[in-house]
Amino acid sequence: MGWDCSLVNTILKVSGCVATTNIRLVGFKHKLKLLGEILNTPFPEPTEMDWELLKSCIKSSAIFLLTEADAVFTTLIASTSKWLRDFLDRMRAIFIDEAGCVTETDTLIPYKDNHVHLIKAGDPEQLGPPCMSANMKYGMGRRVNALSEQHRLSTLERFREIGLPYWIIPEQCRIEPGGFDMQIELLYDEIRYHRTDILSPEAFWFEK
C-alpha cells in the first residue's frame, strides 16, 4: 500500500497535483474542482481566510473520497473517525489483519451492523495483545502486562475453539529457508513446507 494509496496522495491525484490514470479518480476531478483550483494556484501571501478555505476543502474532499472508496485501510481505533461514518454505513465486510495480537473487544470497534462479514487473518502463535498500565510497574520501572493471562488465547484461537470456520495455510511464505526452522520445531506443527524452497525471490522479477 504505502504512499501511493494513502488518503493524502489520493487527494493530490484528484486535485491534479499528482498524475493518475485511475479512471474513477479522474472522474472525481470535476466534483472536487475547487480544491484543485486552490492547490494549483500560487498564493504569495495566503490570508487566514485562504487557509480556512483550504482546510475546509481538504476535509470535505477527504470525506467524499472515503465515502466513495471500494475499500478503506485503517487501524481499528481510527475506524471510529467521523470521516468514515458514511463508508461504514455501506460496507459489507471487515478484514482484520494481525488478528493474533488483537483483543476481542478491539474487533468490535468497526462494527455498526451485525450483518457485516468478519474475516480475520493472523498468526495465533505470535505474542498476544499487550494490556498495560503506567500505574503498574516492576521494581526497575518496566510496565506489567497485567491482563496477560486473560489474553493468553488470541481471538483466532478462540474462534477455532468454538467451532467457527477457519483455514490454515500449510506453508511458510515470508522467510528464507533455514530462518524459520526453530519456530517450526517449537510451535508450527501444521506447516508442512516452505514456499521459499520452491520459489526464490528472483522468480518475481520481470524485465520491461
# chains A, B, ... in the order shown; residues from 1 in each chain; ligands from 1

$ select_by_dssp --residues "segment 47-154 of chain A" --states "helix (DSSP H, G or I)" --output "PDB file with all heavy atoms, in the first residue's frame"
ATOM      1  N   GLU A  48      -5.555  34.378   6.389  1.00  0.00           N
ATOM      2  CA  GLU A  48      -6.194  33.428   7.293  1.00  0.00           C
ATOM      3  C   GLU A  48      -7.426  32.810   6.641  1.00  0.00           C
ATOM      4  O   GLU A  48      -7.714  31.619   6.810  1.00  0.00           O
ATOM      5  CB  GLU A  48      -6.590  34.138   8.590  1.00  0.00           C
ATOM      6  CG  GLU A  48      -7.109  33.212   9.672  1.00  0.00           C
ATOM      7  CD  GLU A  48      -6.045  32.270  10.206  1.00  0.00           C
ATOM      8  OE1 GLU A  48      -4.850  32.622  10.163  1.00  0.00           O
ATOM      9  OE2 GLU A  48      -6.418  31.173  10.675  1.00  0.00           O
ATOM     10  N   MET A  49      -8.136  33.620   5.865  1.00  0.00           N
ATOM     11  CA  MET A  49      -9.316  33.117   5.169  1.00  0.00           C
ATOM     12  C   MET A  49      -8.934  32.078   4.115  1.00  0.00           C
ATOM     13  O   MET A  49      -9.647  31.082   3.916  1.00  0.00           O
ATOM     14  CB  MET A  49     -10.070  34.279   4.511  1.00  0.00           C
ATOM     15  CG  MET A  49     -11.400  33.890   3.880  1.00  0.00           C
ATOM     16  SD  MET A  49     -12.296  35.320   3.231  1.00  0.00           S
ATOM     17  CE  MET A  49     -12.597  36.227   4.755  1.00  0.00           C
ATOM     18  N   ASP A  50      -7.788  32.299   3.441  1.00  0.00           N
ATOM     19  CA  ASP A  50      -7.313  31.325   2.453  1.00  0.00           C
ATOM     20  C   ASP A  50      -7.029  29.976   3.111  1.00  0.00           C
ATOM     21  O   ASP A  50      -7.388  28.920   2.578  1.00  0.00           O
ATOM     22  CB  ASP A  50      -6.045  31.834   1.766  1.00  0.00           C
ATOM     23  CG  ASP A  50      -6.304  33.047   0.885  1.00  0.00           C
ATOM     24  OD1 ASP A  50      -7.427  33.161   0.369  1.00  0.00           O
ATOM     25  OD2 ASP A  50      -5.378  33.868   0.736  1.00  0.00           O
ATOM     26  N   TRP A  51      -6.374  30.013   4.281  1.00  0.00           N
ATOM     27  CA  TRP A  51      -6.057  28.773   4.987  1.00  0.00           C
ATOM     28  C   TRP A  51      -7.325  28.053   5.429  1.00  0.00           C
ATOM     29  O   TRP A  51      -7.425  26.826   5.354  1.00  0.00           O
ATOM     30  CB  TRP A  51      -5.165  29.059   6.196  1.00  0.00           C
ATOM     31  CG  TRP A  51      -3.742  29.360   5.857  1.00  0.00           C
ATOM     32  CD1 TRP A  51      -3.070  30.529   6.078  1.00  0.00           C
ATOM     33  CD2 TRP A  51      -2.810  28.482   5.220  1.00  0.00           C
ATOM     34  NE1 TRP A  51      -1.781  30.444   5.625  1.00  0.00           N
ATOM     35  CE2 TRP A  51      -1.585  29.194   5.092  1.00  0.00           C
ATOM     36  CE3 TRP A  51      -2.876  27.181   4.741  1.00  0.00           C
ATOM     37  CZ2 TRP A  51      -0.454  28.637   4.513  1.00  0.00           C
ATOM     38  CZ3 TRP A  51      -1.745  26.622   4.162  1.00  0.00           C
ATOM     39  CH2 TRP A  51      -0.555  27.340   4.051  1.00  0.00           C
ATOM     40  N   GLU A  52      -8.292  28.801   5.927  1.00  0.00           N
ATOM     41  CA  GLU A  52      -9.541  28.190   6.378  1.00  0.00           C
ATOM     42  C   GLU A  52     -10.287  27.548   5.215  1.00  0.00           C
ATOM     43  O   GLU A  52     -10.860  26.463   5.348  1.00  0.00           O
ATOM     44  CB  GLU A  52     -10.428  29.239   7.058  1.00  0.00           C
ATOM     45  CG  GLU A  52      -9.906  29.717   8.400  1.00  0.00           C
ATOM     46  CD  GLU A  52      -9.777  28.586   9.402  1.00  0.00           C
ATOM     47  OE1 GLU A  52     -10.666  27.700   9.419  1.00  0.00           O
ATOM     48  OE2 GLU A  52      -8.787  28.577  10.161  1.00  0.00           O
ATOM     49  N   LEU A  53     -10.278  28.223   4.060  1.00  0.00           N
ATOM     50  CA  LEU A  53     -10.930  27.665   2.875  1.00  0.00           C
ATOM     51  C   LEU A  53     -10.231  26.389   2.427  1.00  0.00           C
ATOM     52  O   LEU A  53     -10.883  25.398   2.069  1.00  0.00           O
ATOM     53  CB  LEU A  53     -10.924  28.694   1.740  1.00  0.00           C
ATOM     54  CG  LEU A  53     -11.536  28.236   0.401  1.00  0.00           C
ATOM     55  CD1 LEU A  53     -12.995  27.858   0.588  1.00  0.00           C
ATOM     56  CD2 LEU A  53     -11.380  29.327  -0.653  1.00  0.00           C
ATOM     57  N   LEU A  54      -8.894  26.399   2.465  1.00  0.00           N
ATOM     58  CA  LEU A  54      -8.131  25.219   2.070  1.00  0.00           C
ATOM     59  C   LEU A  54      -8.425  24.042   3.001  1.00  0.00           C
ATOM     60  O   LEU A  54      -8.670  22.916   2.545  1.00  0.00           O
ATOM     61  CB  LEU A  54      -6.633  25.534   2.088  1.00  0.00           C
ATOM     62  CG  LEU A  54      -5.695  24.359   1.782  1.00  0.00           C
ATOM     63  CD1 LEU A  54      -5.989  23.782   0.404  1.00  0.00           C
ATOM     64  CD2 LEU A  54      -4.240  24.795   1.891  1.00  0.00           C
ATOM     65  N   LYS A  55      -8.420  24.285   4.310  1.00  0.00           N
ATOM     66  CA  LYS A  55      -8.695  23.210   5.266  1.00  0.00           C
ATOM     67  C   LYS A  55     -10.101  22.653   5.081  1.00  0.00           C
ATOM     68  O   LYS A  55     -10.315  21.436   5.160  1.00  0.00           O
ATOM     69  CB  LYS A  55      -8.503  23.722   6.699  1.00  0.00           C
ATOM     70  CG  LYS A  55      -7.050  23.954   7.077  1.00  0.00           C
ATOM     71  CD  LYS A  55      -6.883  24.198   8.565  1.00  0.00           C
ATOM     72  CE  LYS A  55      -7.453  25.530   8.978  1.00  0.00           C
ATOM     73  NZ  LYS A  55      -7.184  25.830  10.417  1.00  0.00           N
ATOM     74  N   SER A  56     -11.055  23.532   4.828  1.00  0.00           N
ATOM     75  CA  SER A  56     -12.431  23.092   4.623  1.00  0.00           C
ATOM     76  C   SER A  56     -12.553  22.233   3.366  1.00  0.00           C
ATOM     77  O   SER A  56     -13.232  21.193   3.371  1.00  0.00           O
ATOM     78  CB  SER A  56     -13.352  24.307   4.522  1.00  0.00           C
ATOM     79  OG  SER A  56     -14.670  23.913   4.224  1.00  0.00           O
ATOM     80  N   CYS A  57     -11.867  22.631   2.298  1.00  0.00           N
ATOM     81  CA  CYS A  57     -11.913  21.875   1.043  1.00  0.00           C
ATOM     82  C   CYS A  57     -11.239  20.511   1.192  1.00  0.00           C
ATOM     83  O   CYS A  57     -11.730  19.508   0.669  1.00  0.00           O
ATOM     84  CB  CYS A  57     -11.240  22.668  -0.074  1.00  0.00           C
ATOM     85  SG  CYS A  57     -12.217  24.041  -0.694  1.00  0.00           S
ATOM     86  N   ILE A  58     -10.116  20.484   1.896  1.00  0.00           N
ATOM     87  CA  ILE A  58      -9.410  19.211   2.100  1.00  0.00           C
ATOM     88  C   ILE A  58     -10.269  18.253   2.915  1.00  0.00           C
ATOM     89  O   ILE A  58     -10.383  17.060   2.596  1.00  0.00           O
ATOM     90  CB  ILE A  58      -8.055  19.453   2.796  1.00  0.00           C
ATOM     91  CG1 ILE A  58      -7.096  20.170   1.840  1.00  0.00           C
ATOM     92  CG2 ILE A  58      -7.448  18.138   3.263  1.00  0.00           C
ATOM     93  CD1 ILE A  58      -5.771  20.537   2.462  1.00  0.00           C
ATOM     94  N   LYS A  59     -10.914  18.762   3.962  1.00  0.00           N
ATOM     95  CA  LYS A  59     -11.751  17.906   4.800  1.00  0.00           C
ATOM     96  C   LYS A  59     -12.931  17.348   4.013  1.00  0.00           C
ATOM     97  O   LYS A  59     -13.203  16.138   4.052  1.00  0.00           O
ATOM     98  CB  LYS A  59     -12.258  18.690   6.010  1.00  0.00           C
ATOM     99  CG  LYS A  59     -13.145  17.867   6.929  1.00  0.00           C
ATOM    100  CD  LYS A  59     -13.598  18.663   8.139  1.00  0.00           C
ATOM    101  CE  LYS A  59     -14.507  17.822   9.025  1.00  0.00           C
ATOM    102  NZ  LYS A  59     -14.953  18.574  10.224  1.00  0.00           N
ATOM    103  N   SER A  60     -13.633  18.207   3.280  1.00  0.00           N
ATOM    104  CA  SER A  60     -14.790  17.741   2.513  1.00  0.00           C
ATOM    105  C   SER A  60     -14.362  16.775   1.410  1.00  0.00           C
ATOM    106  O   SER A  60     -15.067  15.802   1.113  1.00  0.00           O
ATOM    107  CB  SER A  60     -15.545  18.932   1.916  1.00  0.00           C
ATOM    108  OG  SER A  60     -14.712  19.684   1.050  1.00  0.00           O
ATOM    109  N   SER A  61     -13.191  17.015   0.815  1.00  0.00           N
ATOM    110  CA  SER A  61     -12.683  16.121  -0.229  1.00  0.00           C
ATOM    111  C   SER A  61     -12.322  14.760   0.355  1.00  0.00           C
ATOM    112  O   SER A  61     -12.600  13.716  -0.245  1.00  0.00           O
ATOM    113  CB  SER A  61     -11.455  16.736  -0.907  1.00  0.00           C
ATOM    114  OG  SER A  61     -11.772  17.969  -1.511  1.00  0.00           O
ATOM    115  N   ALA A  62     -11.706  14.767   1.537  1.00  0.00           N
ATOM    116  CA  ALA A  62     -11.331  13.511   2.189  1.00  0.00           C
ATOM    117  C   ALA A  62     -12.566  12.682   2.523  1.00  0.00           C
ATOM    118  O   ALA A  62     -12.603  11.467   2.282  1.00  0.00           O
ATOM    119  CB  ALA A  62     -10.528  13.806   3.451  1.00  0.00           C
ATOM    120  N   ILE A  63     -13.585  13.330   3.065  1.00  0.00           N
ATOM    121  CA  ILE A  63     -14.818  12.616   3.406  1.00  0.00           C
ATOM    122  C   ILE A  63     -15.472  12.052   2.150  1.00  0.00           C
ATOM    123  O   ILE A  63     -15.949  10.907   2.130  1.00  0.00           O
ATOM    124  CB  ILE A  63     -15.790  13.547   4.156  1.00  0.00           C
ATOM    125  CG1 ILE A  63     -15.198  13.925   5.517  1.00  0.00           C
ATOM    126  CG2 ILE A  63     -17.151  12.888   4.331  1.00  0.00           C
ATOM    127  CD1 ILE A  63     -16.017  14.952   6.278  1.00  0.00           C
ATOM    128  N   PHE A  64     -15.480  12.836   1.081  1.00  0.00           N
ATOM    129  CA  PHE A  64     -16.066  12.377  -0.187  1.00  0.00           C
ATOM    130  C   PHE A  64     -15.330  11.145  -0.709  1.00  0.00           C
ATOM    131  O   PHE A  64     -15.950  10.149  -1.095  1.00  0.00           O
ATOM    132  CB  PHE A  64     -16.013  13.501  -1.220  1.00  0.00           C
ATOM    133  CG  PHE A  64     -16.386  13.059  -2.608  1.00  0.00           C
ATOM    134  CD1 PHE A  64     -17.716  12.895  -2.961  1.00  0.00           C
ATOM    135  CD2 PHE A  64     -15.405  12.791  -3.555  1.00  0.00           C
ATOM    136  CE1 PHE A  64     -18.063  12.475  -4.242  1.00  0.00           C
ATOM    137  CE2 PHE A  64     -15.741  12.372  -4.831  1.00  0.00           C
ATOM    138  CZ  PHE A  64     -17.076  12.215  -5.178  1.00  0.00           C
ATOM    139  N   LEU A  65     -13.999  11.199  -0.722  1.00  0.00           N
ATOM    140  CA  LEU A  65     -13.210  10.085  -1.252  1.00  0.00           C
ATOM    141  C   LEU A  65     -13.348   8.840  -0.387  1.00  0.00           C
ATOM    142  O   LEU A  65     -13.440   7.718  -0.902  1.00  0.00           O
ATOM    143  CB  LEU A  65     -11.742  10.494  -1.362  1.00  0.00           C
ATOM    144  CG  LEU A  65     -11.429  11.551  -2.429  1.00  0.00           C
ATOM    145  CD1 LEU A  65      -9.992  12.033  -2.301  1.00  0.00           C
ATOM    146  CD2 LEU A  65     -11.685  10.995  -3.824  1.00  0.00           C
ATOM    147  N   LEU A  66     -13.371   9.012   0.930  1.00  0.00           N
ATOM    148  CA  LEU A  66     -13.537   7.864   1.816  1.00  0.00           C
ATOM    149  C   LEU A  66     -14.918   7.232   1.652  1.00  0.00           C
ATOM    150  O   LEU A  66     -15.071   6.013   1.724  1.00  0.00           O
ATOM    151  CB  LEU A  66     -13.336   8.293   3.269  1.00  0.00           C
ATOM    152  CG  LEU A  66     -11.899   8.642   3.671  1.00  0.00           C
ATOM    153  CD1 LEU A  66     -11.872   9.270   5.055  1.00  0.00           C
ATOM    154  CD2 LEU A  66     -11.012   7.402   3.635  1.00  0.00           C
ATOM    155  N   THR A  67     -15.915   8.063   1.426  1.00  0.00           N
ATOM    156  CA  THR A  67     -17.271   7.549   1.253  1.00  0.00           C
ATOM    157  C   THR A  67     -17.414   6.786  -0.061  1.00  0.00           C
ATOM    158  O   THR A  67     -18.126   5.781  -0.141  1.00  0.00           O
ATOM    159  CB  THR A  67     -18.288   8.707   1.292  1.00  0.00           C
ATOM    160  OG1 THR A  67     -18.148   9.408   2.535  1.00  0.00           O
ATOM    161  CG2 THR A  67     -19.713   8.185   1.177  1.00  0.00           C
ATOM    162  N   GLU A  68     -16.722   7.248  -1.104  1.00  0.00           N
ATOM    163  CA  GLU A  68     -16.822   6.625  -2.421  1.00  0.00           C
ATOM    164  C   GLU A  68     -15.874   5.440  -2.599  1.00  0.00           C
ATOM    165  O   GLU A  68     -15.976   4.705  -3.581  1.00  0.00           O
ATOM    166  CB  GLU A  68     -16.514   7.667  -3.506  1.00  0.00           C
ATOM    167  CG  GLU A  68     -17.537   8.779  -3.615  1.00  0.00           C
ATOM    168  CD  GLU A  68     -18.885   8.273  -4.104  1.00  0.00           C
ATOM    169  OE1 GLU A  68     -18.900   7.359  -4.953  1.00  0.00           O
ATOM    170  OE2 GLU A  68     -19.912   8.784  -3.631  1.00  0.00           O
ATOM    171  N   ILE A  77      -8.916   1.463  15.820  1.00  0.00           N
ATOM    172  CA  ILE A  77      -9.360   2.639  16.569  1.00  0.00           C
ATOM    173  C   ILE A  77      -9.662   3.800  15.633  1.00  0.00           C
ATOM    174  O   ILE A  77     -10.585   4.581  15.870  1.00  0.00           O
ATOM    175  CB  ILE A  77      -8.313   3.039  17.640  1.00  0.00           C
ATOM    176  CG1 ILE A  77      -8.909   4.044  18.624  1.00  0.00           C
ATOM    177  CG2 ILE A  77      -7.057   3.567  16.999  1.00  0.00           C
ATOM    178  CD1 ILE A  77     -10.042   3.513  19.451  1.00  0.00           C
ATOM    179  N   ALA A  78      -8.909   3.917  14.523  1.00  0.00           N
ATOM    180  CA  ALA A  78      -9.158   5.010  13.580  1.00  0.00           C
ATOM    181  C   ALA A  78     -10.443   4.801  12.791  1.00  0.00           C
ATOM    182  O   ALA A  78     -10.966   5.747  12.194  1.00  0.00           O
ATOM    183  CB  ALA A  78      -7.978   5.157  12.621  1.00  0.00           C
ATOM    184  N   SER A  79     -10.977   3.581  12.803  1.00  0.00           N
ATOM    185  CA  SER A  79     -12.228   3.326  12.085  1.00  0.00           C
ATOM    186  C   SER A  79     -13.415   4.020  12.742  1.00  0.00           C
ATOM    187  O   SER A  79     -14.509   4.053  12.177  1.00  0.00           O
ATOM    188  CB  SER A  79     -12.497   1.819  12.000  1.00  0.00           C
ATOM    189  OG  SER A  79     -12.785   1.274  13.282  1.00  0.00           O
ATOM    190  N   THR A  80     -13.211   4.589  13.928  1.00  0.00           N
ATOM    191  CA  THR A  80     -14.281   5.331  14.604  1.00  0.00           C
ATOM    192  C   THR A  80     -14.353   6.779  14.134  1.00  0.00           C
ATOM    193  O   THR A  80     -15.204   7.535  14.595  1.00  0.00           O
ATOM    194  CB  THR A  80     -14.065   5.322  16.128  1.00  0.00           C
ATOM    195  OG1 THR A  80     -12.816   5.981  16.430  1.00  0.00           O
ATOM    196  CG2 THR A  80     -14.015   3.908  16.663  1.00  0.00           C
ATOM    197  N   LYS A  82     -15.155  10.216  12.419  1.00  0.00           N
ATOM    198  CA  LYS A  82     -16.386  10.756  11.844  1.00  0.00           C
ATOM    199  C   LYS A  82     -16.327  10.765  10.324  1.00  0.00           C
ATOM    200  O   LYS A  82     -17.350  10.682   9.652  1.00  0.00           O
ATOM    201  CB  LYS A  82     -16.618  12.177  12.366  1.00  0.00           C
ATOM    202  CG  LYS A  82     -16.867  12.266  13.861  1.00  0.00           C
ATOM    203  CD  LYS A  82     -17.057  13.709  14.295  1.00  0.00           C
ATOM    204  CE  LYS A  82     -17.295  13.800  15.798  1.00  0.00           C
ATOM    205  NZ  LYS A  82     -17.454  15.208  16.243  1.00  0.00           N
ATOM    206  N   TRP A  83     -15.116  10.871   9.775  1.00  0.00           N
ATOM    207  CA  TRP A  83     -14.957  10.914   8.321  1.00  0.00           C
ATOM    208  C   TRP A  83     -15.381   9.601   7.669  1.00  0.00           C
ATOM    209  O   TRP A  83     -15.674   9.568   6.473  1.00  0.00           O
ATOM    210  CB  TRP A  83     -13.505  11.208   7.962  1.00  0.00           C
ATOM    211  CG  TRP A  83     -13.043  12.577   8.337  1.00  0.00           C
ATOM    212  CD1 TRP A  83     -13.657  13.435   9.205  1.00  0.00           C
ATOM    213  CD2 TRP A  83     -11.888  13.261   7.860  1.00  0.00           C
ATOM    214  NE1 TRP A  83     -12.946  14.606   9.307  1.00  0.00           N
ATOM    215  CE2 TRP A  83     -11.854  14.528   8.491  1.00  0.00           C
ATOM    216  CE3 TRP A  83     -10.880  12.925   6.976  1.00  0.00           C
ATOM    217  CZ2 TRP A  83     -10.844  15.458   8.255  1.00  0.00           C
ATOM    218  CZ3 TRP A  83      -9.868  13.846   6.737  1.00  0.00           C
ATOM    219  CH2 TRP A  83      -9.856  15.099   7.368  1.00  0.00           C
ATOM    220  N   LEU A  84     -15.412   8.515   8.449  1.00  0.00           N
ATOM    221  CA  LEU A  84     -15.714   7.198   7.883  1.00  0.00           C
ATOM    222  C   LEU A  84     -17.159   6.760   8.106  1.00  0.00           C
ATOM    223  O   LEU A  84     -17.522   5.644   7.747  1.00  0.00           O
ATOM    224  CB  LEU A  84     -14.782   6.151   8.494  1.00  0.00           C
ATOM    225  CG  LEU A  84     -13.330   6.169   8.006  1.00  0.00           C
ATOM    226  CD1 LEU A  84     -12.486   5.218   8.838  1.00  0.00           C
ATOM    227  CD2 LEU A  84     -13.256   5.783   6.541  1.00  0.00           C
ATOM    228  N   ARG A  85     -17.974   7.609   8.684  1.00  0.00           N
ATOM    229  CA  ARG A  85     -19.334   7.193   9.035  1.00  0.00           C
ATOM    230  C   ARG A  85     -20.134   6.727   7.822  1.00  0.00           C
ATOM    231  O   ARG A  85     -20.799   5.687   7.858  1.00  0.00           O
ATOM    232  CB  ARG A  85     -20.060   8.346   9.732  1.00  0.00           C
ATOM    233  CG  ARG A  85     -19.627   8.528  11.182  1.00  0.00           C
ATOM    234  CD  ARG A  85     -20.346   9.683  11.838  1.00  0.00           C
ATOM    235  NE  ARG A  85     -19.957   9.814  13.236  1.00  0.00           N
ATOM    236  CZ  ARG A  85     -20.346  10.817  14.023  1.00  0.00           C
ATOM    237  NH1 ARG A  85     -21.133  11.769  13.537  1.00  0.00           N
ATOM    238  NH2 ARG A  85     -19.956  10.863  15.280  1.00  0.00           N
ATOM    239  N   ASP A  86     -20.095   7.490   6.736  1.00  0.00           N
ATOM    240  CA  ASP A  86     -20.872   7.113   5.551  1.00  0.00           C
ATOM    241  C   ASP A  86     -20.344   5.830   4.928  1.00  0.00           C
ATOM    242  O   ASP A  86     -21.117   5.005   4.426  1.00  0.00           O
ATOM    243  CB  ASP A  86     -20.852   8.247   4.519  1.00  0.00           C
ATOM    244  CG  ASP A  86     -21.649   9.455   4.987  1.00  0.00           C
ATOM    245  OD1 ASP A  86     -22.544   9.275   5.835  1.00  0.00           O
ATOM    246  OD2 ASP A  86     -21.372  10.571   4.516  1.00  0.00           O
ATOM    247  N   PHE A  87     -19.015   5.649   4.959  1.00  0.00           N
ATOM    248  CA  PHE A  87     -18.442   4.415   4.415  1.00  0.00           C
ATOM    249  C   PHE A  87     -18.871   3.211   5.246  1.00  0.00           C
ATOM    250  O   PHE A  87     -19.236   2.160   4.704  1.00  0.00           O
ATOM    251  CB  PHE A  87     -16.918   4.510   4.373  1.00  0.00           C
ATOM    252  CG  PHE A  87     -16.252   3.242   3.911  1.00  0.00           C
ATOM    253  CD1 PHE A  87     -16.170   2.946   2.561  1.00  0.00           C
ATOM    254  CD2 PHE A  87     -15.733   2.337   4.823  1.00  0.00           C
ATOM    255  CE1 PHE A  87     -15.575   1.765   2.126  1.00  0.00           C
ATOM    256  CE2 PHE A  87     -15.137   1.155   4.405  1.00  0.00           C
ATOM    257  CZ  PHE A  87     -15.056   0.873   3.050  1.00  0.00           C
ATOM    258  N   LEU A  88     -18.850   3.349   6.571  1.00  0.00           N
ATOM    259  CA  LEU A  88     -19.226   2.241   7.446  1.00  0.00           C
ATOM    260  C   LEU A  88     -20.688   1.854   7.258  1.00  0.00           C
ATOM    261  O   LEU A  88     -21.060   0.695   7.452  1.00  0.00           O
ATOM    262  CB  LEU A  88     -18.968   2.619   8.907  1.00  0.00           C
ATOM    263  CG  LEU A  88     -17.502   2.819   9.312  1.00  0.00           C
ATOM    264  CD1 LEU A  88     -17.412   3.264  10.765  1.00  0.00           C
ATOM    265  CD2 LEU A  88     -16.704   1.541   9.110  1.00  0.00           C
ATOM    266  N   ASP A  89     -21.519   2.804   6.868  1.00  0.00           N
ATOM    267  CA  ASP A  89     -22.936   2.511   6.669  1.00  0.00           C
ATOM    268  C   ASP A  89     -23.167   1.570   5.489  1.00  0.00           C
ATOM    269  O   ASP A  89     -24.175   0.864   5.445  1.00  0.00           O
ATOM    270  CB  ASP A  89     -23.720   3.811   6.438  1.00  0.00           C
ATOM    271  CG  ASP A  89     -23.909   4.592   7.731  1.00  0.00           C
ATOM    272  OD1 ASP A  89     -23.839   3.976   8.809  1.00  0.00           O
ATOM    273  OD2 ASP A  89     -24.116   5.815   7.655  1.00  0.00           O
ATOM    274  N   ARG A  90     -22.249   1.554   4.529  1.00  0.00           N
ATOM    275  CA  ARG A  90     -22.473   0.730   3.337  1.00  0.00           C
ATOM    276  C   ARG A  90     -21.449  -0.391   3.166  1.00  0.00           C
ATOM    277  O   ARG A  90     -21.524  -1.138   2.198  1.00  0.00           O
ATOM    278  CB  ARG A  90     -22.466   1.612   2.083  1.00  0.00           C
ATOM    279  CG  ARG A  90     -21.136   2.263   1.764  1.00  0.00           C
ATOM    280  CD  ARG A  90     -21.211   3.085   0.480  1.00  0.00           C
ATOM    281  NE  ARG A  90     -19.936   3.689   0.137  1.00  0.00           N
ATOM    282  CZ  ARG A  90     -18.962   3.055  -0.502  1.00  0.00           C
ATOM    283  NH1 ARG A  90     -19.123   1.791  -0.855  1.00  0.00           N
ATOM    284  NH2 ARG A  90     -17.832   3.672  -0.784  1.00  0.00           N
ATOM    285  N   ALA A  99      -4.586 -10.426  13.417  1.00  0.00           N
ATOM    286  CA  ALA A  99      -5.622 -10.666  14.424  1.00  0.00           C
ATOM    287  C   ALA A  99      -5.124 -11.501  15.592  1.00  0.00           C
ATOM    288  O   ALA A  99      -5.822 -11.631  16.595  1.00  0.00           O
ATOM    289  CB  ALA A  99      -6.829 -11.344  13.775  1.00  0.00           C
ATOM    290  N   GLY A 100      -3.923 -12.057  15.471  1.00  0.00           N
ATOM    291  CA  GLY A 100      -3.377 -12.823  16.579  1.00  0.00           C
ATOM    292  C   GLY A 100      -3.004 -11.968  17.773  1.00  0.00           C
ATOM    293  O   GLY A 100      -2.867 -12.466  18.889  1.00  0.00           O
ATOM    294  N   CYS A 101      -2.818 -10.673  17.558  1.00  0.00           N
ATOM    295  CA  CYS A 101      -2.453  -9.791  18.676  1.00  0.00           C
ATOM    296  C   CYS A 101      -3.499  -8.693  18.871  1.00  0.00           C
ATOM    297  O   CYS A 101      -3.175  -7.559  19.216  1.00  0.00           O
ATOM    298  CB  CYS A 101      -1.068  -9.190  18.455  1.00  0.00           C
ATOM    299  SG  CYS A 101      -0.920  -8.200  16.966  1.00  0.00           S
ATOM    300  N   GLU A 104     -10.445  -9.237  21.803  1.00  0.00           N
ATOM    301  CA  GLU A 104     -11.785  -9.473  21.265  1.00  0.00           C
ATOM    302  C   GLU A 104     -12.611  -8.189  21.243  1.00  0.00           C
ATOM    303  O   GLU A 104     -13.406  -7.969  20.334  1.00  0.00           O
ATOM    304  CB  GLU A 104     -12.481 -10.548  22.089  1.00  0.00           C
ATOM    305  CG  GLU A 104     -11.864 -11.922  21.896  1.00  0.00           C
ATOM    306  CD  GLU A 104     -12.466 -12.953  22.823  1.00  0.00           C
ATOM    307  OE1 GLU A 104     -13.545 -13.478  22.495  1.00  0.00           O
ATOM    308  OE2 GLU A 104     -11.861 -13.232  23.859  1.00  0.00           O
ATOM    309  N   THR A 105     -12.445  -7.357  22.245  1.00  0.00           N
ATOM    310  CA  THR A 105     -13.200  -6.104  22.264  1.00  0.00           C
ATOM    311  C   THR A 105     -12.757  -5.170  21.141  1.00  0.00           C
ATOM    312  O   THR A 105     -13.572  -4.439  20.580  1.00  0.00           O
ATOM    313  CB  THR A 105     -13.035  -5.397  23.617  1.00  0.00           C
ATOM    314  OG1 THR A 105     -11.639  -5.323  23.948  1.00  0.00           O
ATOM    315  CG2 THR A 105     -13.756  -6.150  24.709  1.00  0.00           C
ATOM    316  N   ASP A 106     -11.461  -5.210  20.785  1.00  0.00           N
ATOM    317  CA  ASP A 106     -10.975  -4.364  19.690  1.00  0.00           C
ATOM    318  C   ASP A 106     -11.632  -4.734  18.366  1.00  0.00           C
ATOM    319  O   ASP A 106     -11.865  -3.874  17.515  1.00  0.00           O
ATOM    320  CB  ASP A 106      -9.455  -4.484  19.545  1.00  0.00           C
ATOM    321  CG  ASP A 106      -8.712  -3.700  20.613  1.00  0.00           C
ATOM    322  OD1 ASP A 106      -9.341  -2.829  21.238  1.00  0.00           O
ATOM    323  OD2 ASP A 106      -7.516  -3.962  20.819  1.00  0.00           O
ATOM    324  N   THR A 107     -11.919  -6.024  18.176  1.00  0.00           N
ATOM    325  CA  THR A 107     -12.510  -6.448  16.906  1.00  0.00           C
ATOM    326  C   THR A 107     -13.929  -5.910  16.733  1.00  0.00           C
ATOM    327  O   THR A 107     -14.451  -5.886  15.619  1.00  0.00           O
ATOM    328  CB  THR A 107     -12.554  -7.984  16.802  1.00  0.00           C
ATOM    329  OG1 THR A 107     -13.396  -8.511  17.833  1.00  0.00           O
ATOM    330  CG2 THR A 107     -11.168  -8.571  16.938  1.00  0.00           C
TER     331      THR A 107
END

$ residues_around --residues "Ile119 of chain A" --least-positions-apart "6" --cutoff "7 Å" --atoms "only C-alpha atoms" --output "MDAnalysis selection string"
chainID A and resid 94:96

$ residues_around --residues "segment 125-127 of chain A" --least-positions-apart "4" --cutoff "12 Å" --atoms "only C-alpha atoms" --output "JSON, numbers by chain"
{"A": [98, 99, 100, 101, 102, 103, 131, 145, 148, 151, 152, 153, 154, 155, 156, 157, 183, 184, 186, 187, 188, 189, 190]}

$ atom_distance --atom1 "atom CA of Gly122 of chain A" --atom2 "atom CA of Ser6 of chain A"
23.1 Å

$ select_by_dssp --residues "segment 87-154 of chain A" --states "strand (DSSP E or B)" --output "PyMOL selection string"
chain A and resi 93-96+117-120+137+143

$ atom_distance --atom1 "atom CA of His117 of chain A" --atom2 "atom CA of Thr74 of chain A"
16.9 Å

$ atom_distance --atom1 "atom CA of Pro44 of chain A" --atom2 "atom CA of Phe28 of chain A"
28.1 Å
